[in-house]
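**Student:** Here you go, this is data.cif (mmCIF, C-alpha atoms).
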data_query
loop_
_atom_site.label_atom_id
_atom_site.label_comp_id
_atom_site.auth_asym_id
_atom_site.auth_seq_id
_atom_site.Cartn_x
_atom_site.Cartn_y
_atom_site.Cartn_z
CA MET A 1 97.63 151.73 71.83
CA ARG A 2 96.46 148.63 70.04
CA ARG A 3 99.67 148.49 68.04
CA ARG A 4 101.81 148.71 71.20
CA LEU A 5 99.83 145.94 72.82
CA SER A 6 100.27 143.77 69.72
CA ILE A 7 104.04 144.35 69.66
CA PHE A 8 104.27 143.59 73.40
CA SER A 9 102.28 140.35 73.07
CA GLN A 10 104.44 139.16 70.12
CA ARG A 11 107.61 139.88 72.08
CA PHE A 12 106.14 138.09 75.11
CA ARG A 13 105.31 134.97 73.04
CA ARG A 14 108.83 134.77 71.59
CA ASP A 15 110.61 135.31 74.92
CA GLU A 16 111.53 132.03 76.67
CA HIS A 17 113.00 133.50 79.86
CA GLY A 18 111.08 132.22 82.89
CA SER A 19 109.40 129.30 81.14
CA ALA A 20 111.03 126.84 83.53
CA LEU A 21 109.64 128.83 86.46
CA VAL A 22 106.13 128.65 85.05
CA GLU A 23 106.42 124.90 84.44
CA MET A 24 107.79 124.34 87.93
CA THR A 25 104.99 126.39 89.44
CA LEU A 26 102.42 124.19 87.73
CA ILE A 27 104.06 120.83 88.51
CA ALA A 28 105.47 121.37 92.05
CA PRO A 29 102.17 121.13 94.02
CA LEU A 30 101.27 117.88 92.29
CA MET A 31 104.71 116.38 92.91
CA ILE A 32 104.69 117.41 96.57
CA ALA A 33 101.23 115.89 97.09
CA LEU A 34 102.28 112.65 95.39
CA SER A 35 105.47 112.44 97.45
CA ALA A 36 103.56 113.03 100.68
CA GLY A 37 101.06 110.33 99.74
CA VAL A 38 103.82 107.82 99.04
CA PHE A 39 105.45 108.66 102.37
CA GLU A 40 102.16 108.26 104.27
CA PHE A 41 101.33 104.95 102.59
CA GLY A 42 104.87 103.63 103.21
CA ASN A 43 104.64 104.59 106.88
CA LEU A 44 101.26 102.85 107.21
CA ILE A 45 102.55 99.63 105.63
CA HIS A 46 105.71 99.73 107.77
CA GLN A 47 103.69 99.99 111.00
CA LYS A 48 101.36 97.19 109.86
CA LEU A 49 104.35 94.91 109.19
CA LEU A 50 105.90 95.74 112.57
CA ILE A 51 102.64 94.86 114.34
CA GLU A 52 102.37 91.56 112.44
CA ALA A 53 106.01 90.68 113.23
CA GLY A 54 105.35 91.32 116.92
CA LEU A 55 102.23 89.15 116.88
CA ARG A 56 104.10 86.36 115.12
CA ASP A 57 106.98 86.50 117.63
CA GLY A 58 104.63 86.63 120.63
CA ALA A 59 102.48 83.73 119.38
CA ARG A 60 105.56 81.65 118.61
CA TYR A 61 106.88 82.17 122.15
CA ALA A 62 103.49 81.40 123.73
CA SER A 63 103.08 78.22 121.68
CA ARG A 64 106.32 76.81 123.10
CA CYS A 65 106.07 78.21 126.64
CA ASN A 66 105.25 75.67 129.34
CA SER A 67 104.67 77.28 132.73
CA GLN A 68 103.73 73.96 134.31
CA MET A 69 107.15 72.50 133.50
CA TYR A 70 108.88 75.28 135.43
CA SER A 71 106.78 74.73 138.53
CA ASP A 72 107.16 70.93 138.30
CA TYR A 73 110.93 71.29 138.52
CA GLY A 74 110.85 73.68 141.48
CA PHE A 75 111.26 76.95 139.58
CA ALA A 76 108.87 79.86 139.86
CA ALA A 77 106.00 79.59 137.41
CA ILE A 78 106.09 82.06 134.54
CA ASP A 79 103.23 83.94 132.94
CA CYS A 80 103.42 82.84 129.32
CA ALA A 81 100.70 85.22 128.11
CA ALA A 82 102.29 88.27 129.74
CA ASN A 83 105.72 87.37 128.38
CA ALA A 84 104.29 86.84 124.89
CA GLU A 85 102.54 90.21 125.11
CA ASN A 86 105.83 91.89 126.05
CA ILE A 87 107.55 90.20 123.10
CA ALA A 88 104.82 91.47 120.78
CA LEU A 89 105.19 95.02 122.17
CA TYR A 90 108.91 95.40 122.88
CA GLY A 91 110.63 92.45 121.23
CA ASN A 92 111.81 91.07 124.60
CA ILE A 93 110.32 89.39 127.67
CA ALA A 94 111.00 92.31 130.00
CA ASP A 95 108.47 95.10 129.66
CA THR A 96 111.19 97.66 128.98
CA GLY A 97 112.63 99.29 125.94
CA THR A 98 111.12 100.98 122.96
CA VAL A 99 107.81 99.74 121.62
CA ARG A 100 107.85 98.39 118.08
CA VAL A 101 105.20 100.87 116.95
CA PRO A 102 104.86 104.28 118.63
CA GLY A 103 101.51 104.49 120.40
CA LEU A 104 101.00 100.72 120.59
CA THR A 105 100.10 99.61 124.13
CA ALA A 106 99.30 96.38 125.94
CA ASP A 107 95.61 97.26 125.56
CA ASN A 108 95.97 96.84 121.78
CA ILE A 109 97.34 93.26 121.98
CA THR A 110 95.54 90.08 123.02
CA ILE A 111 97.25 86.71 123.49
CA ASP A 112 94.83 83.77 123.85
CA ILE A 113 96.46 80.52 124.90
CA ALA A 114 94.05 77.59 124.63
CA ASN A 115 93.87 75.30 127.63
CA LEU A 116 94.89 71.77 126.79
CA VAL A 117 91.31 70.72 127.58
CA ASP A 118 89.67 73.44 125.47
CA CYS A 119 91.11 72.82 122.02
CA GLU A 120 89.63 73.15 118.54
CA ASN A 121 88.58 70.43 116.16
CA ALA A 122 91.09 69.79 113.41
CA VAL A 123 88.17 69.20 111.03
CA ASP A 124 85.25 71.61 110.91
CA GLY A 125 81.56 70.71 110.50
CA ALA A 126 81.81 70.63 106.68
CA GLY A 127 84.65 68.11 106.76
CA VAL A 128 87.35 70.62 105.88
CA THR A 129 90.66 70.08 107.66
CA GLN A 130 91.64 73.29 109.44
CA TYR A 131 94.94 72.06 110.85
CA ARG A 132 97.12 69.13 109.83
CA SER A 133 96.89 66.75 112.73
CA VAL A 134 96.84 63.07 113.56
CA THR A 135 94.53 63.81 116.50
CA PRO A 136 91.00 65.19 116.27
CA LEU A 137 91.82 68.16 118.54
CA VAL A 138 94.45 70.84 118.01
CA CYS A 139 95.42 73.44 120.62
CA ILE A 140 96.42 76.83 119.28
CA VAL A 141 97.66 80.21 120.46
CA ARG A 142 95.97 83.22 118.89
CA ALA A 143 97.65 86.63 119.02
CA SER A 144 95.62 89.58 117.79
CA SER A 145 95.92 93.34 117.71
CA THR A 146 93.84 96.38 116.83
CA PHE A 147 95.60 99.72 116.48
CA ASP A 148 94.34 103.10 115.24
CA TYR A 149 96.95 104.44 112.83
CA PRO A 150 97.71 108.05 113.83
CA GLY A 151 99.34 109.00 110.52
CA VAL A 152 101.50 112.01 109.79
CA GLY A 153 98.59 114.33 108.99
CA LEU A 154 98.00 113.82 105.28
CA LEU A 155 94.93 111.64 105.84
CA ASP A 156 93.32 114.32 108.03
CA LEU A 157 94.10 116.92 105.38
CA LEU A 158 92.28 114.82 102.77
CA GLY A 159 89.35 114.16 105.10
CA ILE A 160 89.99 110.43 105.36
CA GLY A 161 88.95 109.09 108.75
CA PRO A 162 91.19 107.13 111.07
CA ILE A 163 92.54 103.85 109.71
CA THR A 164 92.50 100.83 112.00
CA LEU A 165 95.28 98.29 111.58
CA ASN A 166 94.25 94.75 112.53
CA GLY A 167 96.45 91.71 112.77
CA VAL A 168 96.02 88.08 113.80
CA HIS A 169 98.50 85.23 114.02
CA GLU A 170 97.88 81.64 115.12
CA GLU A 171 100.40 79.01 116.18
CA ARG A 172 99.85 75.43 117.18
CA ILE A 173 100.84 74.71 120.77
CA ILE A 174 104.09 72.75 120.84
CA ARG A 175 105.02 71.98 124.40
CA PHE A 176 107.66 69.60 125.60
#
What does the file become when written as structure tokens?
**Tutor:**
Amino acid sequence: MRRRLSIFSQRFRRDEHGSALVEMTLIAPLMIALSAGVFEFGNLIHQKLLIEAGLRDGARYASRCNSQMYSDYGFAAIDCAANAENIALYGNIADTGTVRVPGLTADNITIDIANLVDCENAVDGAGVTQYRSVTPLVCIVRASSTFDYPGVGLLDLLGIGPITLNGVHEERIIRF
């Protein structure tokens, strides 16, 4: 019996059939987990960049929008903040179309347009210049967003809690 077992084990050690299957069985779970992690991280970064692009576009529109000018010339006044919010969400002024990031809503985006009376000092209390300006006050538009990243399920599988994506963009008000 012992001799048969010894002969069988020697034949088994010399036989190379199926070695690729064994190697693949050992490596495949690791490669699948790594690929899924790369996909999840890429999706997270992509959504973060889309949110930041929307905030930048919305703040840029709001910094140049002048509702008072429209009403002065007899046109209907426009809501600059609402239009900027729609640009941040949809990429256009009308609140129609596909949102930039699935699950992102108007509740996640805030557009603050400073009144021309309520502006910030260009130089803070320590003497540091915050904004390049020839005047002591600078009016800015601040677009911000907070969004809970839903993920594709890998984070839940690993026990990592929800990730919150935050973004802020500021533009100086440039009205004509």
**Student:** Give as a ChimeraX atom specification every residue, naming chains and numbers as the document does, that has an atom within 12 Å of (92.6, 99.4, 124.7), counting all atoms listed in the file.
**Tutor:** /A:103-110,145-148
**Student:** Work out how far apart atom CA of Pro102 of chain A and atom CA of Ile51 of chain A are and give it in Å to one decimal.
**Tutor:**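 Calculated distance between atom CA of Pro102 of chain A and atom CA of Ile51 of chain A is 10.6 Å.
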**Student:** Name the residues captured by the PyMOL selection byres ((chain A and resi 74-81) around 10) when it is applied to the shown file; answer as number ranges by chain.
**Tutor:** A: 58-59, 61-73, 82-87, 93, 110-113, 141, 143
**Student:** Would you mind reading off the distance between atom CA of Gly37 of chain A and atom CA of Asp156 of chain A, one decimal, in Å?
**Tutor:** 12.0 Å
**Student:** In Å to one decimal, how far is atom CA of Glu171 of chain A from atom CA of Lys48 of chain A?
**Tutor:**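 Rounded to one decimal, the two atoms are 19.3 Å apart.
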**Student:** Please evaluate the PyMOL selection byres ((chain A and resi 41) around 12) against the structure above and give the resulting residues as a list in words.
**Tutor:**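 That selection, the PyMOL selection byres ((chain A and resi 41) around 12), comes back as Leu34, Ser35, Ala36, Gly37, Val38, Phe39, Glu40, Gly42, Asn43, Leu44, Ile45, His46, Gln47, Lys48, Tyr149, Gly151, Val152, Gly153, Leu154, Leu155 and Ile163 of chain A.
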**Student:** For the selection just defined, write its residues with C-alpha atoms to a file, as a tab-separated table (two decimals), in the coordinates of the input.
**Tutor:**
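The new file out_25.tsv reads:
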chain	number	residue	atom	x	y	z
A	34	LEU	CA	102.28	112.65	95.39
A	35	SER	CA	105.47	112.44	97.45
A	36	ALA	CA	103.56	113.03	100.68
A	37	GLY	CA	101.06	110.33	99.74
A	38	VAL	CA	103.82	107.82	99.04
A	39	PHE	CA	105.45	108.66	102.37
A	40	GLU	CA	102.16	108.26	104.27
A	42	GLY	CA	104.87	103.63	103.21
A	43	ASN	CA	104.64	104.59	106.88
A	44	LEU	CA	101.26	102.85	107.21
A	45	ILE	CA	102.55	99.63	105.63
A	46	HIS	CA	105.71	99.73	107.77
A	47	GLN	CA	103.69	99.99	111.00
A	48	LYS	CA	101.36	97.19	109.86
A	149	TYR	CA	96.95	104.44	112.83
A	151	GLY	CA	99.34	109.00	110.52
A	152	VAL	CA	101.50	112.01	109.79
A	153	GLY	CA	98.59	114.33	108.99
A	154	LEU	CA	98.00	113.82	105.28
A	155	LEU	CA	94.93	111.64	105.84
A	163	ILE	CA	92.54	103.85	109.71
**Student:** With distances taken over all atoms listed in the file, which residue among A:Val168, A:Ile160, A:Cys119, A:Ile7 lies nearest Leu49 of chain A?
**Tutor:**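 Using all atoms listed in the file, the shortest distance to Leu49 of chain A belongs to A:Val168.
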**Student:** Counting only C-alpha atoms, figure out which residue out of A:Ala28, A:Met1, A:Ala126, A:Leu50 gets nearest to Gly91 of chain A.
**Tutor:** A:Leu50
**Student:** With all atoms listed in the file as the atoms that count, which of A:Ile173, A:Thr98, A:Gly125, A:Ala33 lies nearest to Leu158 of chain A?
**Tutor:** A:Ala33
